[in-house]
$ cat protein04.cif   # mmCIF, C-alpha atoms
data_upload
#
loop_
_atom_site.label_atom_id
_atom_site.label_comp_id
_atom_site.auth_asym_id
_atom_site.auth_seq_id
_atom_site.Cartn_x
_atom_site.Cartn_y
_atom_site.Cartn_z
CA MET A 1 -1.37 8.89 30.45
CA VAL A 2 -4.10 6.29 30.14
CA VAL A 3 -3.54 3.00 28.37
CA ASP A 4 -6.42 0.76 27.31
CA VAL A 5 -5.41 -2.77 26.39
CA THR A 6 -7.46 -5.41 24.56
CA LEU A 7 -6.34 -9.05 24.81
CA ALA A 8 -7.19 -11.90 22.45
CA GLY A 9 -5.83 -15.45 22.53
CA GLY A 10 -3.16 -14.67 25.10
CA GLU A 11 -1.81 -11.75 23.09
CA ILE A 12 -2.27 -8.00 23.06
CA SER A 13 -4.62 -7.31 20.17
CA ASN A 14 -5.05 -3.55 20.61
CA VAL A 15 -3.56 -0.72 22.66
CA ALA A 16 -4.92 2.83 22.93
CA ILE A 17 -2.57 5.39 24.50
CA THR A 18 -4.02 8.77 25.46
CA GLY A 19 -2.99 11.64 27.69
CA ASP A 20 -1.49 15.08 28.09
CA PHE A 21 1.91 14.22 26.62
CA PHE A 22 3.74 15.70 23.63
CA LEU A 23 4.84 13.66 20.64
CA GLU A 24 6.51 14.76 17.42
CA PRO A 25 5.46 13.77 14.89
CA ALA A 26 1.91 13.08 16.12
CA GLU A 27 1.48 10.22 13.68
CA ALA A 28 4.12 8.22 15.59
CA LEU A 29 1.43 7.34 18.14
CA GLU A 30 0.02 4.73 15.75
CA ALA A 31 3.45 3.14 15.33
CA ILE A 32 3.94 3.09 19.09
CA ALA A 33 0.57 1.41 19.69
CA ALA A 34 1.11 -1.02 16.81
CA SER A 35 4.48 -2.08 18.21
CA LEU A 36 2.67 -3.67 21.15
CA THR A 37 0.13 -5.58 19.08
CA GLY A 38 0.95 -9.26 19.12
CA ALA A 39 3.01 -9.11 22.31
CA PRO A 40 2.28 -11.97 24.72
CA ALA A 41 -0.13 -10.95 27.46
CA ASN A 42 2.45 -12.10 30.02
CA ALA A 43 5.38 -10.13 28.53
CA SER A 44 7.48 -8.34 31.14
CA GLU A 45 7.69 -4.58 31.41
CA GLU A 46 11.19 -4.74 30.01
CA GLN A 47 10.08 -6.80 27.02
CA LEU A 48 7.21 -4.40 26.31
CA SER A 49 9.45 -1.37 26.65
CA ASP A 50 12.03 -2.94 24.31
CA ARG A 51 9.32 -3.62 21.72
CA VAL A 52 8.28 0.03 21.72
CA THR A 53 11.88 1.28 21.57
CA ALA A 54 12.81 -1.11 18.76
CA ARG A 55 9.99 0.08 16.54
CA LEU A 56 10.11 3.76 17.35
CA PRO A 57 10.46 5.65 14.07
CA ALA A 58 13.71 7.63 13.73
CA GLY A 59 13.61 11.22 14.95
CA VAL A 60 10.58 10.81 17.22
CA GLU A 61 10.46 13.12 20.24
CA MET A 62 8.49 11.95 23.30
CA ILE A 63 7.95 14.50 26.07
CA GLY A 64 6.00 13.59 29.20
CA PHE A 65 6.03 9.85 28.49
CA SER A 66 8.44 7.16 27.37
CA PRO A 67 8.60 3.51 26.22
CA GLN A 68 9.17 2.55 29.87
CA ALA A 69 6.11 4.52 31.06
CA ILE A 70 3.96 2.92 28.37
CA ALA A 71 5.21 -0.55 29.32
CA THR A 72 4.40 0.08 32.98
CA ALA A 73 0.90 1.26 32.11
CA VAL A 74 0.25 -1.70 29.79
CA ARG A 75 1.37 -4.16 32.46
CA ARG A 76 -0.91 -2.49 35.03
CA ALA A 77 -3.82 -2.45 32.61
CA ILE A 78 -3.47 -6.21 32.08
CA ASP A 79 -2.81 -7.14 35.70
CA ASP A 80 -5.42 -4.88 37.26
CA PRO A 81 -7.90 -3.89 34.59
CA THR A 82 -10.18 -1.98 36.97
CA PRO A 83 -10.30 0.73 38.01
CA ARG A 84 -8.84 2.71 35.13
CA GLU A 85 -5.69 4.33 36.42
CA ARG A 86 -3.63 7.25 35.31
CA VAL A 87 0.13 6.91 35.52
CA MET B 1 19.65 25.86 29.80
CA THR B 2 23.13 26.87 28.79
CA ALA B 3 22.22 27.57 25.17
CA LEU B 4 19.86 30.33 26.30
CA ALA B 5 22.70 32.11 28.06
CA GLU B 6 24.85 32.35 24.94
CA PRO B 7 25.31 35.93 23.83
CA GLY B 8 23.18 36.91 20.90
CA PHE B 9 20.54 34.24 21.38
CA GLU B 10 17.89 36.86 22.07
CA GLU B 11 19.03 38.58 18.87
CA ARG B 12 17.39 35.79 16.89
CA TRP B 13 14.03 37.40 17.56
CA ARG B 14 15.16 40.67 16.00
CA ARG B 15 16.15 39.02 12.74
CA HIS B 16 12.43 38.88 11.92
CA GLU B 17 9.85 41.52 11.18
CA TRP B 18 7.18 40.35 13.60
CA GLN B 19 3.52 40.79 12.67
CA LEU B 20 0.74 41.31 15.21
CA LEU B 21 -2.72 39.85 14.61
CA ARG B 22 -5.46 40.86 17.06
CA ASP B 23 -8.64 38.89 16.61
CA GLU B 24 -12.22 39.93 16.71
CA PRO B 25 -14.09 37.45 18.96
CA THR B 26 -13.63 34.18 17.09
CA HIS B 27 -15.19 30.74 17.45
CA PRO B 28 -13.03 28.07 19.14
CA MET B 29 -13.21 25.82 16.05
CA MET B 30 -11.93 28.70 13.92
CA HIS B 31 -9.07 29.31 16.35
CA MET B 32 -7.97 25.69 15.91
CA ALA B 33 -8.07 26.06 12.13
CA LEU B 34 -6.23 29.41 12.14
CA ASP B 35 -3.39 27.92 14.15
CA GLU B 36 -2.88 25.14 11.63
CA VAL B 37 -3.19 27.42 8.58
CA LEU B 38 -0.93 30.19 9.91
CA THR B 39 1.76 27.71 10.95
CA HIS B 40 1.90 26.46 7.37
CA GLU B 41 1.82 29.97 5.95
CA VAL B 42 4.83 31.00 8.03
CA GLY B 43 6.63 27.70 7.36
CA GLU B 44 6.17 28.08 3.64
CA GLY B 45 7.25 31.71 3.66
CA ARG B 46 3.96 33.34 2.63
CA ARG B 47 3.56 35.08 5.97
CA LEU B 48 6.13 36.78 8.19
CA PRO B 49 6.57 35.46 11.72
CA THR B 50 3.47 36.38 13.66
CA LEU B 51 2.14 36.90 17.18
CA ARG B 52 -1.62 36.33 17.28
CA ILE B 53 -3.61 37.52 20.30
CA TRP B 54 -6.81 35.49 20.52
CA GLU B 55 -10.29 36.68 21.42
CA TRP B 56 -12.78 33.93 22.18
CA SER B 57 -16.45 34.15 21.16
CA ASP B 58 -17.63 31.05 23.06
CA ASN B 59 -16.91 28.87 26.07
CA ALA B 60 -14.65 26.00 25.12
CA VAL B 61 -12.86 22.89 26.23
CA ILE B 62 -9.75 22.43 24.14
CA LEU B 63 -8.31 18.95 24.36
CA GLY B 64 -4.66 18.18 23.73
CA ARG B 65 -3.92 16.29 20.51
CA PHE B 66 -3.55 12.95 22.34
CA GLN B 67 -6.29 13.16 24.94
CA SER B 68 -9.38 11.00 25.12
CA VAL B 69 -12.70 12.84 25.01
CA ARG B 70 -14.45 10.59 27.50
CA ASN B 71 -11.52 10.56 29.91
CA GLU B 72 -11.33 14.36 30.04
CA VAL B 73 -14.82 15.78 29.44
CA ASP B 74 -18.02 15.39 31.42
CA ALA B 75 -20.52 15.48 28.56
CA ALA B 76 -23.43 16.61 30.76
CA GLY B 77 -21.36 19.35 32.38
CA ALA B 78 -20.10 20.57 29.01
CA GLU B 79 -23.67 20.68 27.67
CA LYS B 80 -24.98 22.49 30.76
CA HIS B 81 -22.36 25.24 30.46
CA GLY B 82 -22.56 25.62 26.69
CA MET B 83 -19.01 24.49 26.06
CA THR B 84 -17.70 23.88 22.56
CA VAL B 85 -15.51 20.79 22.82
CA THR B 86 -12.66 20.63 20.35
CA ARG B 87 -9.22 19.13 19.85
CA ARG B 88 -6.08 21.11 19.04
CA ILE B 89 -3.07 20.05 16.98
CA THR B 90 -0.61 20.32 19.89
CA GLY B 91 -0.11 17.95 22.79
CA GLY B 92 -0.60 18.71 26.45
CA GLY B 93 -3.61 18.91 28.74
CA ALA B 94 -7.22 20.07 28.43
CA MET B 95 -7.98 23.79 28.71
CA PHE B 96 -11.19 25.21 30.12
CA VAL B 97 -11.93 28.58 28.54
CA GLU B 98 -14.50 31.29 29.14
CA PRO B 99 -14.03 34.25 26.80
CA HIS B 100 -13.36 36.93 29.41
CA ASN B 101 -11.33 34.71 31.70
CA ALA B 102 -8.61 33.57 29.30
CA ILE B 103 -5.63 35.31 27.75
CA THR B 104 -4.47 33.27 24.76
CA TYR B 105 -1.82 33.86 22.12
CA SER B 106 0.03 31.97 19.40
CA LEU B 107 3.48 32.44 17.94
CA TYR B 108 4.15 31.22 14.42
CA ALA B 109 7.85 31.29 13.60
CA PRO B 110 10.39 29.63 11.33
CA ALA B 111 11.91 26.66 13.16
CA THR B 112 15.29 28.41 12.83
CA LEU B 113 14.19 30.68 15.71
CA VAL B 114 14.59 27.73 18.10
CA LYS B 115 17.29 25.81 16.22
CA GLY B 116 19.83 24.28 18.57
CA LEU B 117 17.47 24.45 21.55
CA SER B 118 15.90 21.33 23.01
CA PHE B 119 12.10 21.22 23.06
CA ILE B 120 12.22 22.02 26.75
CA GLU B 121 14.54 25.01 26.28
CA SER B 122 12.46 26.32 23.40
CA TYR B 123 9.37 26.63 25.62
CA ALA B 124 11.10 28.96 28.06
CA PHE B 125 12.80 30.86 25.24
CA LEU B 126 9.54 31.55 23.40
CA ASP B 127 7.74 32.78 26.53
CA ALA B 128 10.55 34.91 28.02
CA TRP B 129 8.79 38.12 26.91
CA VAL B 130 5.59 37.07 28.73
CA ILE B 131 7.44 36.44 31.96
CA ALA B 132 9.03 39.91 31.59
CA GLY B 133 5.64 41.49 30.85
CA LEU B 134 3.97 39.87 33.86
CA LYS B 135 6.87 40.93 36.10
CA SER B 136 6.48 44.51 34.89
CA LEU B 137 2.92 44.34 36.28
CA GLY B 138 4.25 43.31 39.67
CA ILE B 139 3.46 39.61 39.27
CA GLU B 140 6.26 37.36 40.48
CA ALA B 141 6.13 35.16 37.40
CA TYR B 142 8.63 32.54 36.32
CA TYR B 143 8.88 29.61 33.95
CA GLN B 144 8.39 26.10 35.28
CA PRO B 145 9.73 23.58 32.75
CA ILE B 146 8.48 21.99 30.65
CA ASN B 147 5.65 24.28 29.75
CA ASP B 148 4.14 26.16 32.67
CA ILE B 149 3.95 29.90 33.22
CA THR B 150 3.74 30.09 36.96
CA SER B 151 4.25 32.48 39.86
CA THR B 152 5.00 32.49 43.54
CA GLN B 153 1.20 32.47 44.03
CA GLY B 154 0.50 29.49 41.76
CA LYS B 155 0.24 28.42 38.15
CA ILE B 156 -0.93 31.05 35.65
CA GLY B 157 -0.94 29.20 32.35
CA GLY B 158 0.54 26.60 30.07
CA ALA B 159 2.15 26.38 26.65
CA ALA B 160 2.05 23.80 23.89
CA GLN B 161 4.02 23.43 20.67
CA THR B 162 4.13 21.55 17.46
CA ARG B 163 6.47 21.69 14.48
CA ARG B 164 5.43 21.37 10.89
CA ALA B 165 6.32 22.65 7.44
CA GLY B 166 9.53 24.17 8.78
CA ALA B 167 7.68 26.27 11.35
CA VAL B 168 7.08 26.12 15.06
CA LEU B 169 3.65 26.79 16.50
CA HIS B 170 3.81 27.83 20.16
CA HIS B 171 0.55 28.73 21.88
CA VAL B 172 -0.34 29.63 25.42
CA THR B 173 -3.48 30.04 27.46
CA MET B 174 -3.28 31.88 30.77
CA ALA B 175 -6.01 32.21 33.36
CA TYR B 176 -6.99 35.85 33.81
CA ASP B 177 -9.83 34.70 36.02
CA MET B 178 -11.51 31.36 36.56
CA ASP B 179 -14.53 29.61 37.97
CA PRO B 180 -13.10 26.45 39.55
CA ALA B 181 -16.53 24.99 40.39
CA LYS B 182 -17.64 25.26 36.78
CA MET B 183 -14.36 23.83 35.54
CA LEU B 184 -14.76 20.78 37.75
CA GLU B 185 -18.26 20.19 36.36
CA VAL B 186 -16.89 20.20 32.82
CA LEU B 187 -13.49 18.52 33.13
CA ARG B 188 -13.04 15.15 34.78
CA ILE B 189 -9.68 16.25 36.19
CA GLY B 190 -9.26 15.54 39.84
CA ARG B 191 -12.13 13.09 40.04
CA GLU B 192 -10.12 10.06 39.06
CA LYS B 193 -7.46 8.41 41.05
CA LEU B 194 -4.20 10.19 40.36
CA SER B 195 -0.83 8.58 40.65
CA ASP B 196 1.97 10.27 42.57
CA LYS B 197 3.19 11.74 39.28
CA GLY B 198 0.06 13.94 39.36
CA SER B 199 0.61 14.71 35.70
CA VAL B 200 -2.69 16.47 35.05
CA SER B 201 -1.67 20.07 34.55
CA ALA B 202 -5.00 21.68 35.41
CA ASN B 203 -4.82 19.93 38.74
CA LYS B 204 -1.95 22.11 39.91
CA ARG B 205 -2.78 25.03 42.14
CA VAL B 206 -3.87 27.80 39.82
CA SER B 207 -3.58 31.49 40.68
CA PRO B 208 -5.28 33.55 37.95
CA ILE B 209 -3.76 36.89 37.02
CA LYS B 210 -6.75 38.73 38.49
CA GLN B 211 -5.84 37.42 41.93
CA GLN B 212 -2.41 38.99 41.54
CA THR B 213 -3.21 42.39 40.05
CA ASN B 214 -6.21 44.75 39.95
CA LEU B 215 -5.66 45.57 36.29
CA PRO B 216 -8.37 44.77 33.75
CA ARG B 217 -7.76 41.97 31.26
CA GLU B 218 -7.35 44.40 28.35
CA THR B 219 -4.61 46.28 30.19
CA VAL B 220 -2.71 43.08 30.90
CA ILE B 221 -2.94 42.05 27.24
CA GLN B 222 -1.75 45.47 26.10
CA ARG B 223 1.22 45.33 28.46
CA LEU B 224 2.22 41.93 27.06
CA ILE B 225 1.99 43.26 23.50
CA ASP B 226 4.04 46.34 24.45
CA THR B 227 6.67 44.13 26.07
CA PHE B 228 6.99 42.04 22.92
CA ALA B 229 7.17 45.16 20.76
CA GLU B 230 9.90 46.75 22.88
CA ARG B 231 12.04 43.62 22.91
CA TYR B 232 11.61 42.31 19.39
CA GLY B 233 9.70 44.86 17.31
CA LEU B 234 6.10 44.32 16.20
CA VAL B 235 3.99 45.63 13.31
CA GLU B 236 0.19 45.52 13.23
CA ALA B 237 -1.08 43.27 10.48
CA ALA B 238 -4.25 41.54 9.29
CA LEU B 239 -5.26 38.11 8.07
CA PHE B 240 -5.01 37.70 4.31
CA PRO B 241 -8.25 36.68 2.60
CA HIS B 242 -6.70 33.41 1.43
CA GLU B 243 -5.75 32.58 5.02
CA GLU B 244 -9.27 33.20 6.27
CA GLU B 245 -10.72 31.10 3.46
CA ALA B 246 -8.30 28.25 4.12
CA ALA B 247 -9.11 28.36 7.83
CA GLU B 248 -12.88 28.39 7.21
CA ARG B 249 -12.48 25.33 5.00
CA LEU B 250 -10.27 23.52 7.52
CA ARG B 251 -12.73 24.37 10.29
CA ARG B 252 -15.59 22.77 8.34
CA GLU B 253 -13.71 19.81 6.97
CA LYS B 254 -11.49 18.90 9.90
CA PHE B 255 -12.08 20.61 13.21
CA GLU B 256 -15.89 20.39 13.20
CA SER B 257 -15.81 16.73 12.17
CA ALA B 258 -16.63 14.01 14.68
CA GLU B 259 -13.73 12.06 13.19
CA TRP B 260 -11.23 14.66 14.46
CA LEU B 261 -12.84 15.24 17.86
CA TYR B 262 -13.17 11.52 18.50
CA LEU B 263 -9.80 10.65 17.01
CA LEU B 264 -9.14 9.30 20.50
CA PRO B 265 -12.63 8.63 21.84
#

$ encode --input "protein04.cif" --output "structure tokens"
Amino acid sequence: MVVDVTLAGGEISNVAITGDFFLEPAEALEAIAASLTGAPANASEEQLSDRVTARLPAGVEMIGFSPQAIATAVRRAIDDPTPRERV
Amino acid sequence: MTALAEPGFEERWRRHEWQLLRDEPTHPMMHMALDEVLTHEVGEGRRLPTLRIWEWSDNAVILGRFQSVRNEVDAAGAEKHGMTVTRRITGGGAMFVEPHNAITYSLYAPATLVKGLSFIESYAFLDAWVIAGLKSLGIEAYYQPINDITSTQGKIGGAAQTRRAGAVLHHVTMAYDMDPAKMLEVLRIGREKLSDKGSVSANKRVSPIKQQTNLPRETVIQRLIDTFAERYGLVEAALFPHEEEAAERLRREKFESAEWLYLLP
């Protein structure tokens, strides 16, 4: 999984999540990314993970990634933006 | 995988009159479109459950639904080797395909076939006949959850699924043979720093079927078809004209569009 994060004004303004995971339905990826928009740039992993979980549409199946894995990758992307890292 | 051990679970296959489609060499973009169209046709009851054996006309890189083009593909390498780069509707990792090196098939079935199974269980369930077929050729094959067909010698192939319109699409590409040097020029796998999870599937040790048996590709494919037919029954069939037309349209309008390929740039 690769997460690209854009920051603006101390907040997350955009997140792109890509990788070799499985997600049903596929459209849920937009909701997952959108759930992180507006989060403070200094939010903890737990806070980020909770944001994703709270806004996960009902019935979504995530295989090969999770709210926690996304939160970890977002935190790493902010704290150490280069080099791009797979998690 | 307790559910798989329940008596009668295998019987689910035999409740259907399975159709076999064997392609003429077909363009990668058309394969993508056929998978989407045939999944809907089976889900909506216009087509009986179907096993499609693919033939490829062109070299291809097939990205998983959620992969980034620039993260996975070396554009210069893909150009040099005449690769068609496309994106499929299922998740998972990038596949590197040369027509005579790959064995690819799709299953299109009503979702009831895998009802009560977890996603992970359904992968092994839907590929059990392939494991049996490979074993009958003397290959010590087994399933490695979630979605790998592997062997004591190394990984052979991988599966991917999606569900829509009341149907499950399950497709698999196995390596009959492979050119690792060429693959590394085309895919960026293995060049980037990998975490300890090492989640890039093509990075696992691969042992193509040809390294494990002397049989020609056609013979292996025929044995797999025969195995399916013996276990579940199988009738030769053909694409309906309306399916081909729908797939041609979807190929043009969706799969050949830059919008779809660069959905995740």

$ resolve_selection --input "protein04.cif" --expression "the PyMOL selection byres ((chain A) within 12 of (chain B))" --output "ChimeraX atom specification"
/A:1-4,15-30,60-65,69,73,82-87

$ write_last_selection --input "protein04.cif" --atoms "C-alpha atoms" --output "compact mmCIF listing (two decimals), in the coordinates of the input"
# COMPACT_ATOMS: atom_id res chain seq x y z
CA MET A 1 -1.37 8.89 30.45
CA VAL A 2 -4.10 6.29 30.14
CA VAL A 3 -3.54 3.00 28.37
CA ASP A 4 -6.42 0.76 27.31
CA VAL A 15 -3.56 -0.72 22.66
CA ALA A 16 -4.92 2.83 22.93
CA ILE A 17 -2.57 5.39 24.50
CA THR A 18 -4.02 8.77 25.46
CA GLY A 19 -2.99 11.64 27.69
CA ASP A 20 -1.49 15.08 28.09
CA PHE A 21 1.91 14.22 26.62
CA PHE A 22 3.74 15.70 23.63
CA LEU A 23 4.84 13.66 20.64
CA GLU A 24 6.51 14.76 17.42
CA PRO A 25 5.46 13.77 14.89
CA ALA A 26 1.91 13.08 16.12
CA GLU A 27 1.48 10.22 13.68
CA ALA A 28 4.12 8.22 15.59
CA LEU A 29 1.43 7.34 18.14
CA GLU A 30 0.02 4.73 15.75
CA VAL A 60 10.58 10.81 17.22
CA GLU A 61 10.46 13.12 20.24
CA MET A 62 8.49 11.95 23.30
CA ILE A 63 7.95 14.50 26.07
CA GLY A 64 6.00 13.59 29.20
CA PHE A 65 6.03 9.85 28.49
CA ALA A 69 6.11 4.52 31.06
CA ALA A 73 0.90 1.26 32.11
CA THR A 82 -10.18 -1.98 36.97
CA PRO A 83 -10.30 0.73 38.01
CA ARG A 84 -8.84 2.71 35.13
CA GLU A 85 -5.69 4.33 36.42
CA ARG A 86 -3.63 7.25 35.31
CA VAL A 87 0.13 6.91 35.52

$ atom_distance --input "protein04.cif" --atom1 "atom CA of B:Asp23" --atom2 "atom CA of B:Tyr123"
23.6 Å

$ resolve_selection --input "protein04.cif" --expression "the PyMOL selection byres ((chain A and resi 7) around 12)" --output "ChimeraX atom specification"
/A:4-6,8-15,36-42,74-75,77-79,81

$ resolve_selection --input "protein04.cif" --expression "the PyMOL selection byres ((chain A and resi 53) around 9)" --output "PyMOL selection string"
chain A and resi 32+35+48-52+54-57+66-68

$ write_last_selection --input "protein04.cif" --atoms "C-alpha atoms" --output "PDB file, keeping the file's coordinate frame"
ATOM      1  CA  ILE A  32       3.940   3.090  19.090  1.00  0.00           C
ATOM      2  CA  SER A  35       4.480  -2.080  18.210  1.00  0.00           C
ATOM      3  CA  LEU A  48       7.210  -4.400  26.310  1.00  0.00           C
ATOM      4  CA  SER A  49       9.450  -1.370  26.650  1.00  0.00           C
ATOM      5  CA  ASP A  50      12.030  -2.940  24.310  1.00  0.00           C
ATOM      6  CA  ARG A  51       9.320  -3.620  21.720  1.00  0.00           C
ATOM      7  CA  VAL A  52       8.280   0.030  21.720  1.00  0.00           C
ATOM      8  CA  ALA A  54      12.810  -1.110  18.760  1.00  0.00           C
ATOM      9  CA  ARG A  55       9.990   0.080  16.540  1.00  0.00           C
ATOM     10  CA  LEU A  56      10.110   3.760  17.350  1.00  0.00           C
ATOM     11  CA  PRO A  57      10.460   5.650  14.070  1.00  0.00           C
ATOM     12  CA  SER A  66       8.440   7.160  27.370  1.00  0.00           C
ATOM     13  CA  PRO A  67       8.600   3.510  26.220  1.00  0.00           C
ATOM     14  CA  GLN A  68       9.170   2.550  29.870  1.00  0.00           C
TER      15      GLN A  68
END

$ residues_around --input "protein04.cif" --residues "B:Gly154" --least-positions-apart "5" --cutoff "10 Å" --atoms "all atoms listed in the file" --output "ChimeraX atom specification"
/B:140-141,149,204-209,212

$ residues_around --input "protein04.cif" --residues "B:Ala237" --least-positions-apart "3" --cutoff "12 Å" --atoms "only C-alpha atoms" --output "list in words"
Glu17, Trp18, Gln19, Leu20, Leu21, Arg22, Asp23, Arg47, Leu48, Pro49, Thr50, Leu51, Arg52, Ile53, Leu234 and Phe240 of chain B

$ atom_distance --input "protein04.cif" --atom1 "atom CA of B:Ile139" --atom2 "atom CA of B:Asp177"
14.5 Å

$ closest_residue --input "protein04.cif" --among "B:Leu134, B:Thr39, B:Glu55, B:Arg249" --to "B:Ile225" --atoms "all atoms listed in the file"
B:Leu134

$ axis_aligned_box --input "protein04.cif" --around "stretch 27-32 of chain A" --padding-each-side "5 Å" --output "lines of an AutoDock Vina configuration file"
center_x = 2.1
center_y = 6.7
center_z = 16.4
size_x = 14.1
size_y = 17.1
size_z = 15.4

$ atom_distance --input "protein04.cif" --atom1 "atom CA of B:His170" --atom2 "atom CA of B:Gln153"
24.5 Å
